[in-house]
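Trainee: Before anything else, here's the structure in question.
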Amino acid sequence: QVQLVEFGGGLVQAGGSLSLSCAASGRTFSGFFMGWFRQAPGKEREFVAAIGWRDGNTYYAESVQGRFTISRDKAKNTMYMRMTSLKPEDTAVYYCGALVYGGTSWRPTDREGYDYWGQGTQVTVSS
């Protein structure tokens with residue numbers, strides 16, 4: 001069992017920056033990927049970024065490429081995302097997820113492959 005807790009988020013003006021973190025607890029995390037997804041009102045949860053926990057490879061949605069940076073600290077069981085040049089369309093609830101069991105069956109961008117989710121944190125970007 002893996003518990004995920006997000007920190008960060010909040011309200012920022014367009015062009016500003018925010019940082020999110022996601023701490024995994026329960027045991028030393030040894031899954032395949034951790035990722036960030038977001039869900040805006042009336043929309044489906046969509047992929048934002050992911051990182052291979054073992055190799056550190058990163059994956060980004062086109063909409064955030066070059067603006068968001070994902071990283072992880074294995075010793076702290078924690079994933080981070082630095083968001084810069086924020087836009088109003090980045091407004092959403094951001095969820096961290098852990099893909100633990102199906103690393104050879106799912107891509108890190110596949111929401112369906114994630115086994116555990118955090119409670120979500122609101123990011124609001126004002127224009």
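For the structure tokens, the naming scheme is as follows: chains receive sequential letters (A, B, ...) according to their order of presentation, residues are indexed from 1 within each chain, and ligands are indexed from 1 in presentation order.
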Would you mind writing down, as a ChimeraX atom specification, each residue of chain A that DSSP on the backbone assigns to helix (DSSP H, G or I)?
Mentor: /A:74-76,88-90,111-113
Trainee: Could you please take those selected residues and save N, CA and C atoms as a PDB file, in the first residue's frame?
Mentor:
ATOM      1  N   LYS A  74      14.776  10.244  -4.389  1.00  0.00           N
ATOM      2  CA  LYS A  74      14.489   8.877  -3.985  1.00  0.00           C
ATOM      3  C   LYS A  74      14.688   8.680  -2.492  1.00  0.00           C
ATOM      4  N   ALA A  75      15.662   9.354  -1.931  1.00  0.00           N
ATOM      5  CA  ALA A  75      15.925   9.198  -0.499  1.00  0.00           C
ATOM      6  C   ALA A  75      14.772   9.710   0.342  1.00  0.00           C
ATOM      7  N   LYS A  76      14.042  10.695  -0.186  1.00  0.00           N
ATOM      8  CA  LYS A  76      12.907  11.265   0.543  1.00  0.00           C
ATOM      9  C   LYS A  76      11.575  10.715   0.069  1.00  0.00           C
ATOM     10  N   PRO A  88      -3.623  30.914 -17.328  1.00  0.00           N
ATOM     11  CA  PRO A  88      -4.948  30.637 -16.767  1.00  0.00           C
ATOM     12  C   PRO A  88      -5.440  29.235 -17.101  1.00  0.00           C
ATOM     13  N   GLU A  89      -5.085  28.726 -18.256  1.00  0.00           N
ATOM     14  CA  GLU A  89      -5.522  27.375 -18.625  1.00  0.00           C
ATOM     15  C   GLU A  89      -4.822  26.280 -17.845  1.00  0.00           C
ATOM     16  N   ASP A  90      -3.841  26.633 -17.026  1.00  0.00           N
ATOM     17  CA  ASP A  90      -3.230  25.645 -16.137  1.00  0.00           C
ATOM     18  C   ASP A  90      -4.043  25.461 -14.860  1.00  0.00           C
ATOM     19  N   ARG A 111      -3.322   7.363 -17.698  1.00  0.00           N
ATOM     20  CA  ARG A 111      -3.970   7.542 -16.398  1.00  0.00           C
ATOM     21  C   ARG A 111      -4.446   6.204 -15.833  1.00  0.00           C
ATOM     22  N   GLU A 112      -4.937   5.333 -16.691  1.00  0.00           N
ATOM     23  CA  GLU A 112      -5.515   4.066 -16.237  1.00  0.00           C
ATOM     24  C   GLU A 112      -4.489   3.155 -15.569  1.00  0.00           C
ATOM     25  N   GLY A 113      -3.211   3.376 -15.851  1.00  0.00           N
ATOM     26  CA  GLY A 113      -2.198   2.504 -15.289  1.00  0.00           C
ATOM     27  C   GLY A 113      -1.780   2.834 -13.870  1.00  0.00           C
TER      28      GLY A 113
END
Trainee: Could you make a table, as CSV, of the residues of range 19-44 of chain A that have an atom within 7 Å of an atom of range 91-106 of chain A, each with its nearest atom pair and distance in Å to one decimal, counting only C-alpha atoms, in chain and number order?
Mentor:
residue,atom,partner,partner_atom,distance
A:Cys22,CA,A:Cys96,CA,6.4
A:Gly31,CA,A:Val100,CA,4.0
A:Phe32,CA,A:Gly103,CA,5.4
A:Phe33,CA,A:Leu99,CA,5.1
A:Met34,CA,A:Ala98,CA,4.5
A:Gly35,CA,A:Gly97,CA,5.2
A:Trp36,CA,A:Cys96,CA,4.6
A:Phe37,CA,A:Tyr95,CA,5.2
A:Arg38,CA,A:Tyr94,CA,4.3
A:Gln39,CA,A:Ala92,CA,5.2
A:Ala40,CA,A:Ala92,CA,4.3
Trainee: What would the file look like if the residues just selected were written as a compact mmCIF listing (two decimals), in the first residue's frame with N, CA, C and O atoms?
Mentor:
# COMPACT_ATOMS: atom_id res chain seq x y z
N CYS A 22 5.03 15.82 -3.85
CA CYS A 22 4.20 14.65 -3.56
C CYS A 22 5.06 13.66 -2.78
O CYS A 22 6.05 13.16 -3.32
N GLY A 31 8.11 1.79 -7.09
CA GLY A 31 7.30 1.62 -8.28
C GLY A 31 8.03 2.03 -9.54
O GLY A 31 9.21 2.39 -9.52
N PHE A 32 7.30 2.00 -10.65
CA PHE A 32 7.89 2.31 -11.94
C PHE A 32 7.89 3.81 -12.23
O PHE A 32 8.90 4.35 -12.67
N PHE A 33 6.76 4.45 -12.04
CA PHE A 33 6.63 5.86 -12.37
C PHE A 33 5.85 6.58 -11.28
O PHE A 33 4.98 6.01 -10.63
N MET A 34 6.14 7.85 -11.15
CA MET A 34 5.25 8.77 -10.44
C MET A 34 4.93 9.89 -11.41
O MET A 34 5.78 10.28 -12.23
N GLY A 35 3.72 10.38 -11.31
CA GLY A 35 3.32 11.38 -12.28
C GLY A 35 2.35 12.40 -11.72
O GLY A 35 1.79 12.22 -10.64
N TRP A 36 2.19 13.46 -12.47
CA TRP A 36 1.23 14.51 -12.16
C TRP A 36 0.15 14.53 -13.24
O TRP A 36 0.46 14.51 -14.44
N PHE A 37 -1.07 14.57 -12.79
CA PHE A 37 -2.21 14.74 -13.67
C PHE A 37 -3.01 15.94 -13.15
O PHE A 37 -2.85 16.34 -12.00
N ARG A 38 -3.87 16.48 -13.99
CA ARG A 38 -4.69 17.59 -13.54
C ARG A 38 -6.10 17.45 -14.10
O ARG A 38 -6.31 16.85 -15.15
N GLN A 39 -7.03 18.04 -13.36
CA GLN A 39 -8.42 17.98 -13.77
C GLN A 39 -9.06 19.35 -13.55
O GLN A 39 -9.15 19.83 -12.42
N ALA A 40 -9.48 19.94 -14.65
CA ALA A 40 -10.20 21.21 -14.61
C ALA A 40 -11.70 20.92 -14.53
O ALA A 40 -12.15 19.84 -14.92
Trainee: So that I can see what lies close to range 1-16 of chain A, please list as a PyMOL selection string the residues with an atom at most 10 Å from it, counting only C-alpha atoms and leaving out residues fewer than 3 positions away in the same chain.
Mentor: chain A and resi 19-29+31+77-81+83-98+100+115-127
Trainee: Where does DSSP see strand (DSSP E or B) in range 11-101 of chain A, if you list the residues as a ChimeraX atom specification?
Mentor: /A:11-13,18-25,33-39,46-52,58-60,68-73,78-83,92-99
Trainee: As an exercise, work out the distance from CA of Arg45 in chain A to CA of Ser17 in chain A in Å and give it to one decimal place.
Mentor: 21.7 Å
